$ cat work04.pdb   # PDB, C-alpha atoms
ATOM      1  CA  MET A   1      20.514 -19.254   9.482
ATOM      2  CA  SER A   2      17.793 -19.102   6.777
ATOM      3  CA  ARG A   3      15.055 -18.878   9.419
ATOM      4  CA  THR A   4      16.836 -16.404  11.671
ATOM      5  CA  LYS A   5      17.406 -13.657   9.103
ATOM      6  CA  PRO A   6      13.728 -13.115   8.090
ATOM      7  CA  LEU A   7      12.769 -13.077  11.767
ATOM      8  CA  VAL A   8      15.374 -10.412  12.522
ATOM      9  CA  ARG A   9      14.226  -8.312   9.542
ATOM     10  CA  ARG A  10      10.607  -8.674  10.636
ATOM     11  CA  ARG A  11      11.456  -7.404  14.106
ATOM     12  CA  GLU A  12      13.437  -4.563  12.531
ATOM     13  CA  PHE A  13      10.500  -3.546  10.317
ATOM     14  CA  VAL A  14       8.052  -3.658  13.227
ATOM     15  CA  LEU A  15      10.428  -1.722  15.508
ATOM     16  CA  ILE A  16      10.930   1.027  12.946
ATOM     17  CA  ALA A  17       7.173   1.185  12.327
ATOM     18  CA  VAL A  18       6.502   1.547  16.058
ATOM     19  CA  LEU A  19       9.129   4.272  16.359
ATOM     20  CA  VAL A  20       7.571   6.155  13.441
ATOM     21  CA  VAL A  21       4.114   6.012  15.046
ATOM     22  CA  VAL A  22       5.542   7.190  18.371
ATOM     23  CA  ALA A  23       7.353  10.059  16.652
ATOM     24  CA  VAL A  24       4.173  11.102  14.839
ATOM     25  CA  GLY A  25       2.200  11.009  18.095
ATOM     26  CA  LEU A  26       4.827  13.082  19.887
ATOM     27  CA  ALA A  27       4.830  15.661  17.105
ATOM     28  CA  LEU A  28       1.045  15.937  17.269
ATOM     29  CA  TYR A  29       1.206  16.330  21.045
ATOM     30  CA  LEU A  30       3.772  19.109  20.823
ATOM     31  CA  VAL A  31       1.654  20.927  18.242
ATOM     32  CA  LEU A  32      -1.733  20.437  19.880
ATOM     33  CA  ARG A  33      -0.916  20.447  23.610
ATOM     34  CA  PRO A  34      -2.722  23.037  25.741
ATOM     35  CA  GLY A  35      -0.957  26.368  25.974
ATOM     36  CA  THR A  36       0.848  26.113  22.663
ATOM     37  CA  PRO A  37       0.946  29.604  21.129
ATOM     38  CA  SER A  38      -1.265  29.649  18.046
ATOM     39  CA  GLY A  39      -1.988  33.272  17.161
ATOM     40  CA  PRO A  40      -0.536  36.740  16.965
ATOM     41  CA  ALA A  41      -0.272  37.033  20.758
ATOM     42  CA  GLY A  42       2.274  34.235  20.806
ATOM     43  CA  ALA A  43       3.978  35.079  17.568
ATOM     44  CA  ASP A  44       7.291  35.876  19.222
ATOM     45  CA  THR A  45       7.581  32.316  20.552
ATOM     46  CA  VAL A  46       6.394  30.398  17.486
ATOM     47  CA  HIS A  47       9.132  28.557  15.614
ATOM     48  CA  PRO A  48       9.357  29.514  11.948
ATOM     49  CA  ALA A  49       7.898  26.996   9.502
ATOM     50  CA  ALA A  50      10.271  24.900   7.444
ATOM     51  CA  PRO A  51      10.708  26.250   3.918
ATOM     52  CA  SER A  52       8.409  24.658   1.363
ATOM     53  CA  SER A  53      11.376  23.889  -0.864
ATOM     54  CA  ALA A  54      12.885  21.471   1.679
ATOM     55  CA  ALA A  55      13.837  18.083   0.250
ATOM     56  CA  PRO A  56      11.317  15.287   0.900
ATOM     57  CA  SER A  57      12.052  13.312   4.071
ATOM     58  CA  GLN A  58      13.343   9.778   3.441
ATOM     59  CA  GLY A  59      13.378   6.727   5.714
ATOM     60  CA  PRO A  60      15.468   3.528   5.876
ATOM     61  CA  PHE A  61      13.528   1.808   3.051
ATOM     62  CA  ALA A  62      13.700   4.729   0.611
ATOM     63  CA  GLY A  63      15.008   2.548  -2.221
ATOM     64  CA  LEU A  64      11.794   0.511  -2.312
ATOM     65  CA  ALA A  65       9.874   2.854  -4.622
ATOM     66  CA  HIS A  66      10.084   2.026  -8.337
ATOM     67  CA  ARG A  67       8.857   5.339  -9.815
ATOM     68  CA  THR A  68       8.532   3.601 -13.189
ATOM     69  CA  ALA A  69       6.676   5.647 -15.782
ATOM     70  CA  GLY A  70       3.660   3.803 -17.153
ATOM     71  CA  ASP A  71       3.571   1.257 -14.324
ATOM     72  CA  PRO A  72      -0.009  -0.126 -14.433
ATOM     73  CA  LEU A  73       0.195  -1.018 -10.703
ATOM     74  CA  ALA A  74       0.822   2.595  -9.675
ATOM     75  CA  ILE A  75      -1.158   5.817  -9.626
ATOM     76  CA  GLY A  76       0.306   9.294  -9.406
ATOM     77  CA  ARG A  77       3.213  11.079 -11.010
ATOM     78  CA  PRO A  78       6.566   9.222 -11.029
ATOM     79  CA  ASP A  79       8.232  12.419  -9.779
ATOM     80  CA  ALA A  80       5.796  13.033  -6.902
ATOM     81  CA  PRO A  81       7.643  14.123  -3.735
ATOM     82  CA  VAL A  82       6.118  11.266  -1.712
ATOM     83  CA  VAL A  83       5.691   7.592  -2.647
ATOM     84  CA  LEU A  84       3.459   5.248  -0.667
ATOM     85  CA  VAL A  85       4.252   1.581  -1.325
ATOM     86  CA  GLU A  86       1.394  -0.712  -0.313
ATOM     87  CA  PHE A  87       1.843  -4.437   0.417
ATOM     88  CA  SER A  88      -1.603  -6.000   0.251
ATOM     89  CA  ASP A  89      -3.650  -9.207  -0.086
ATOM     90  CA  TYR A  90      -7.036  -9.377  -1.826
ATOM     91  CA  ARG A  91      -8.392 -11.647   0.935
ATOM     92  CA  CYS A  92      -7.329  -9.331   3.768
ATOM     93  CA  PRO A  93     -10.310  -7.514   5.371
ATOM     94  CA  PHE A  94      -8.119  -4.660   6.614
ATOM     95  CA  CYS A  95      -6.716  -4.188   3.110
ATOM     96  CA  ALA A  96     -10.292  -3.851   1.890
ATOM     97  CA  GLN A  97     -10.971  -1.324   4.639
ATOM     98  CA  PHE A  98      -8.012   0.794   3.527
ATOM     99  CA  SER A  99      -9.098   0.544  -0.112
ATOM    100  CA  ARG A 100     -12.666   1.635   0.599
ATOM    101  CA  SER A 101     -12.106   4.285   3.263
ATOM    102  CA  THR A 102      -8.607   5.739   3.234
ATOM    103  CA  GLU A 103      -7.178   5.365  -0.236
ATOM    104  CA  PRO A 104      -9.863   7.475  -1.993
ATOM    105  CA  GLU A 105      -9.145  10.322   0.440
ATOM    106  CA  LEU A 106      -5.410  10.086  -0.227
ATOM    107  CA  VAL A 107      -6.042  10.127  -3.968
ATOM    108  CA  GLN A 108      -8.202  13.232  -3.696
ATOM    109  CA  ARG A 109      -5.929  15.112  -1.294
ATOM    110  CA  TYR A 110      -2.524  14.198  -2.682
ATOM    111  CA  VAL A 111      -2.413  11.998  -5.797
ATOM    112  CA  ASP A 112      -4.675  14.242  -7.875
ATOM    113  CA  LYS A 113      -2.516  17.227  -6.886
ATOM    114  CA  GLY A 114       0.746  15.590  -7.938
ATOM    115  CA  LYS A 115       2.070  15.256  -4.394
ATOM    116  CA  LEU A 116       1.728  11.488  -3.858
ATOM    117  CA  ARG A 117       2.312   8.336  -5.840
ATOM    118  CA  ILE A 118       0.844   4.987  -4.707
ATOM    119  CA  GLU A 119       2.587   1.793  -5.794
ATOM    120  CA  TRP A 120       0.977  -1.623  -5.294
ATOM    121  CA  ARG A 121       2.870  -4.729  -4.195
ATOM    122  CA  ASP A 122       1.277  -8.177  -4.030
ATOM    123  CA  PHE A 123       1.768  -9.869  -0.661
ATOM    124  CA  PRO A 124      -0.526 -12.934  -0.751
ATOM    125  CA  ILE A 125      -0.418 -14.493   2.707
ATOM    126  CA  PHE A 126      -3.826 -16.191   2.944
ATOM    127  CA  GLY A 127      -3.237 -19.226   0.789
ATOM    128  CA  GLU A 128      -3.684 -20.349  -2.784
ATOM    129  CA  GLN A 129      -6.723 -18.149  -3.439
ATOM    130  CA  SER A 130      -4.747 -15.072  -2.434
ATOM    131  CA  GLU A 131      -2.023 -15.889  -4.950
ATOM    132  CA  ARG A 132      -4.597 -16.630  -7.654
ATOM    133  CA  ALA A 133      -6.305 -13.292  -7.005
ATOM    134  CA  ALA A 134      -2.956 -11.505  -7.191
ATOM    135  CA  MET A 135      -2.270 -13.135 -10.557
ATOM    136  CA  ALA A 136      -5.748 -12.093 -11.707
ATOM    137  CA  GLY A 137      -4.863  -8.516 -10.778
ATOM    138  CA  ARG A 138      -1.785  -8.781 -12.986
ATOM    139  CA  ALA A 139      -3.926 -10.186 -15.793
ATOM    140  CA  ALA A 140      -6.231  -7.174 -15.486
ATOM    141  CA  ALA A 141      -3.203  -4.871 -15.472
ATOM    142  CA  ALA A 142      -2.077  -6.383 -18.772
ATOM    143  CA  GLN A 143      -5.256  -4.901 -20.275
ATOM    144  CA  GLY A 144      -5.039  -1.572 -18.487
ATOM    145  CA  ARG A 145      -7.740  -2.315 -15.900
ATOM    146  CA  PHE A 146      -5.727  -3.067 -12.757
ATOM    147  CA  TRP A 147      -7.144  -0.418 -10.422
ATOM    148  CA  GLN A 148     -10.694  -1.047 -11.625
ATOM    149  CA  PHE A 149     -10.254  -4.752 -10.854
ATOM    150  CA  ASN A 150      -8.620  -3.914  -7.532
ATOM    151  CA  LYS A 151     -11.563  -1.766  -6.483
ATOM    152  CA  ALA A 152     -14.127  -4.312  -7.650
ATOM    153  CA  VAL A 153     -12.598  -7.034  -5.468
ATOM    154  CA  PHE A 154     -12.294  -4.866  -2.374
ATOM    155  CA  GLU A 155     -15.730  -3.275  -2.757
ATOM    156  CA  ALA A 156     -17.297  -6.752  -2.604
ATOM    157  CA  ALA A 157     -15.217  -7.908   0.379
ATOM    158  CA  PRO A 158     -17.001  -8.634   3.680
ATOM    159  CA  GLN A 159     -16.350  -6.466   6.711
ATOM    160  CA  GLN A 160     -14.743  -9.405   8.507
ATOM    161  CA  GLY A 161     -13.128 -12.664   7.514
ATOM    162  CA  HIS A 162     -11.389 -13.761   4.343
ATOM    163  CA  PRO A 163     -13.570 -13.915   1.221
ATOM    164  CA  ASP A 164     -13.562 -16.928  -1.069
ATOM    165  CA  LEU A 165     -12.092 -15.927  -4.436
ATOM    166  CA  PRO A 166     -12.486 -18.876  -6.798
ATOM    167  CA  LYS A 167     -11.800 -18.509 -10.494
ATOM    168  CA  GLU A 168     -15.457 -17.819 -11.317
ATOM    169  CA  LYS A 169     -15.591 -14.832  -8.957
ATOM    170  CA  LEU A 170     -12.352 -13.413 -10.332
ATOM    171  CA  LEU A 171     -13.793 -13.602 -13.840
ATOM    172  CA  ALA A 172     -16.907 -11.796 -12.604
ATOM    173  CA  PHE A 173     -14.760  -9.058 -11.052
ATOM    174  CA  ALA A 174     -12.866  -8.712 -14.339
ATOM    175  CA  ARG A 175     -16.173  -8.267 -16.126
ATOM    176  CA  THR A 176     -17.236  -5.625 -13.578
ATOM    177  CA  ALA A 177     -13.887  -3.879 -14.021
ATOM    178  CA  GLY A 178     -14.384  -3.644 -17.767
ATOM    179  CA  VAL A 179     -11.541  -5.951 -18.797
ATOM    180  CA  PRO A 180     -12.120  -6.081 -22.574
ATOM    181  CA  ASP A 181     -10.797  -9.548 -23.454
ATOM    182  CA  LEU A 182     -12.000 -12.031 -20.845
ATOM    183  CA  ALA A 183     -10.561 -15.033 -22.704
ATOM    184  CA  LYS A 184      -7.106 -13.451 -22.564
ATOM    185  CA  PHE A 185      -7.672 -12.517 -18.922
ATOM    186  CA  GLU A 186      -8.529 -16.130 -18.057
ATOM    187  CA  LYS A 187      -5.419 -17.379 -19.827
ATOM    188  CA  ASP A 188      -3.159 -14.735 -18.238
ATOM    189  CA  MET A 189      -4.444 -15.634 -14.772
ATOM    190  CA  THR A 190      -2.367 -18.800 -14.896
ATOM    191  CA  SER A 191       0.679 -17.474 -16.753
ATOM    192  CA  ARG A 192       4.141 -18.194 -15.440
ATOM    193  CA  GLU A 193       5.104 -14.555 -15.981
ATOM    194  CA  HIS A 194       2.442 -13.236 -13.614
ATOM    195  CA  LYS A 195       3.168 -15.930 -11.041
ATOM    196  CA  ASP A 196       6.828 -14.890 -11.042
ATOM    197  CA  GLU A 197       5.852 -11.209 -10.658
ATOM    198  CA  VAL A 198       3.623 -11.963  -7.685
ATOM    199  CA  ARG A 199       6.237 -14.128  -6.019
ATOM    200  CA  PHE A 200       8.896 -11.467  -6.585
ATOM    201  CA  ASP A 201       6.770  -8.982  -4.613
ATOM    202  CA  ALA A 202       6.122 -11.567  -1.903
ATOM    203  CA  THR A 203       9.822 -12.336  -1.585
ATOM    204  CA  GLU A 204      10.614  -8.632  -1.337
ATOM    205  CA  GLY A 205       8.044  -8.239   1.448
ATOM    206  CA  ASN A 206       9.425 -11.228   3.321
ATOM    207  CA  GLU A 207      12.973  -9.923   3.028
ATOM    208  CA  LEU A 208      11.821  -6.606   4.462
ATOM    209  CA  GLY A 209      10.332  -8.501   7.395
ATOM    210  CA  ILE A 210       6.746  -7.383   6.792
ATOM    211  CA  PRO A 211       4.658  -9.284   9.388
ATOM    212  CA  SER A 212       1.104  -8.758   8.092
ATOM    213  CA  THR A 213      -1.142  -6.921   5.650
ATOM    214  CA  PRO A 214      -1.729  -4.190   4.869
ATOM    215  CA  ALA A 215       1.742  -2.743   5.292
ATOM    216  CA  PHE A 216       2.927   0.565   3.903
ATOM    217  CA  VAL A 217       6.218   2.300   3.277
ATOM    218  CA  ILE A 218       5.922   6.086   2.935
ATOM    219  CA  ASN A 219       9.120   7.619   1.564
ATOM    220  CA  GLY A 220      11.027   4.786   3.148
ATOM    221  CA  LYS A 221       9.256   4.855   6.522
ATOM    222  CA  PRO A 222       7.016   1.904   7.473
ATOM    223  CA  LEU A 223       3.443   2.037   8.713
ATOM    224  CA  LEU A 224       1.603  -1.148   9.677
ATOM    225  CA  GLY A 225      -2.115  -1.819   9.418
ATOM    226  CA  ALA A 226      -5.196   0.063   8.237
ATOM    227  CA  GLN A 227      -4.457   3.042  10.465
ATOM    228  CA  PRO A 228      -6.785   6.063  10.714
ATOM    229  CA  LEU A 229      -6.562   8.536   7.846
ATOM    230  CA  GLU A 230      -4.776  11.050  10.093
ATOM    231  CA  GLU A 231      -1.805   8.704  10.526
ATOM    232  CA  PHE A 232      -1.297   8.663   6.764
ATOM    233  CA  THR A 233      -1.802  12.386   6.221
ATOM    234  CA  THR A 234       0.592  13.260   9.038
ATOM    235  CA  MET A 235       3.330  11.050   7.589
ATOM    236  CA  ILE A 236       2.719  12.217   4.028
ATOM    237  CA  ASP A 237       2.781  15.892   5.062
ATOM    238  CA  ALA A 238       5.982  15.356   7.046
ATOM    239  CA  ALA A 239       7.561  13.574   4.087
ATOM    240  CA  GLY A 240       6.953  16.523   1.788
ATOM    241  CA  GLY A 241       3.355  16.155   0.648
ATOM    242  CA  LYS A 242       2.066  19.482   2.023
TER     243      LYS A 242
END
$ encode --input "work04.pdb" --output "structure tokens"
Amino acid sequence: MSRTKPLVRRREFVLIAVLVVVAVGLALYLVLRPGTPSGPAGADTVHPAAPSSAAPSQGPFAGLAHRTAGDPLAIGRPDAPVVLVEFSDYRCPFCAQFSRSTEPELVQRYVDKGKLRIEWRDFPIFGEQSERAAMAGRAAAAQGRFWQFNKAVFEAAPQQGHPDLPKEKLLAFARTAGVPDLAKFEKDMTSREHKDEVRFDATEGNELGIPSTPAFVINGKPLLGAQPLEEFTTMIDAAGGK
């Protein structure tokens, strides 16, 4: 029984993610298909736009967002209409791709305008170094430098493959990120508290049935992989981020 349940949840998560992508593609097709009225000449056949005051759209995993004020592993207003929860691994090349290419665009378009909140979840799936890196991220967060550390690690990641992240490299990334007390950082990297926090996130991801990284939940609706920017913007807009 203990092996069957996670497998069922994983299939459920993947199925919902596929259905969301299909729904987004269908919506884009209906909007962009040839012959769709788009100007005054077709005004009498254009459906009226939904009112801007409509409640944000929520999916089956809507309760996942924390919305905790002052959370060092989150950026954006706690009351933003849309929350993107990101499950990620510092040794995942596709996570690095999202961090370098897509996330800055989302921050500029939505987070900075109060429309999106991004919440990080550790999901270390590539061995002991992944867990150690996740704990290092928590150690940086304890000194208010989580996102700077996060960016430093992903900026240095190779385009392909899983980078080696020994203790010495993590200390170097902390230095690059401007962590003020490196002795404290080194001690916190091995703390039981941070290990428990990382494993709590990992357990949550496993219970959701997340099959790989990166994985995202946007207002309760899953999206798998480092998808093109348009996939994210379409979902965020539909969820209430316009």
$ atom_distance --input "work04.pdb" --atom1 "CA of Ile118 in chain A" --atom2 "CA of Leu73 in chain A"
8.5 Å
$ resolve_selection --input "work04.pdb" --expression "the PyMOL selection byres ((chain A and resi 144-147) around 9)" --output "PDB file with C-alpha atoms, keeping the file's coordinate frame"
ATOM      1  CA  PRO A  72      -0.009  -0.126 -14.433  1.00  0.00           C
ATOM      2  CA  LEU A  73       0.195  -1.018 -10.703  1.00  0.00           C
ATOM      3  CA  ALA A  74       0.822   2.595  -9.675  1.00  0.00           C
ATOM      4  CA  ILE A  75      -1.158   5.817  -9.626  1.00  0.00           C
ATOM      5  CA  GLY A 137      -4.863  -8.516 -10.778  1.00  0.00           C
ATOM      6  CA  ARG A 138      -1.785  -8.781 -12.986  1.00  0.00           C
ATOM      7  CA  ALA A 139      -3.926 -10.186 -15.793  1.00  0.00           C
ATOM      8  CA  ALA A 140      -6.231  -7.174 -15.486  1.00  0.00           C
ATOM      9  CA  ALA A 141      -3.203  -4.871 -15.472  1.00  0.00           C
ATOM     10  CA  ALA A 142      -2.077  -6.383 -18.772  1.00  0.00           C
ATOM     11  CA  GLN A 143      -5.256  -4.901 -20.275  1.00  0.00           C
ATOM     12  CA  GLN A 148     -10.694  -1.047 -11.625  1.00  0.00           C
ATOM     13  CA  PHE A 149     -10.254  -4.752 -10.854  1.00  0.00           C
ATOM     14  CA  ASN A 150      -8.620  -3.914  -7.532  1.00  0.00           C
ATOM     15  CA  LYS A 151     -11.563  -1.766  -6.483  1.00  0.00           C
ATOM     16  CA  ALA A 152     -14.127  -4.312  -7.650  1.00  0.00           C
ATOM     17  CA  ALA A 174     -12.866  -8.712 -14.339  1.00  0.00           C
ATOM     18  CA  ALA A 177     -13.887  -3.879 -14.021  1.00  0.00           C
ATOM     19  CA  GLY A 178     -14.384  -3.644 -17.767  1.00  0.00           C
ATOM     20  CA  VAL A 179     -11.541  -5.951 -18.797  1.00  0.00           C
ATOM     21  CA  PRO A 180     -12.120  -6.081 -22.574  1.00  0.00           C
TER      22      PRO A 180
END
$ resolve_selection --input "work04.pdb" --expression "the PyMOL selection byres ((chain A and resi 86-103) around 9)" --output "number ranges by chain"
A: 84-85, 104-108, 118-126, 129-131, 133-134, 150-151, 153-165, 201-202, 205, 210, 212-218, 225-229, 232
$ resolve_selection --input "work04.pdb" --expression "the PyMOL selection byres ((chain A and resi 114) around 10)" --output "PyMOL selection string"
chain A and resi 76-82+107+109-113+115-117+241
$ atom_distance --input "work04.pdb" --atom1 "CA of Arg192 in chain A" --atom2 "CA of Glu204 in chain A"
18.2 Å
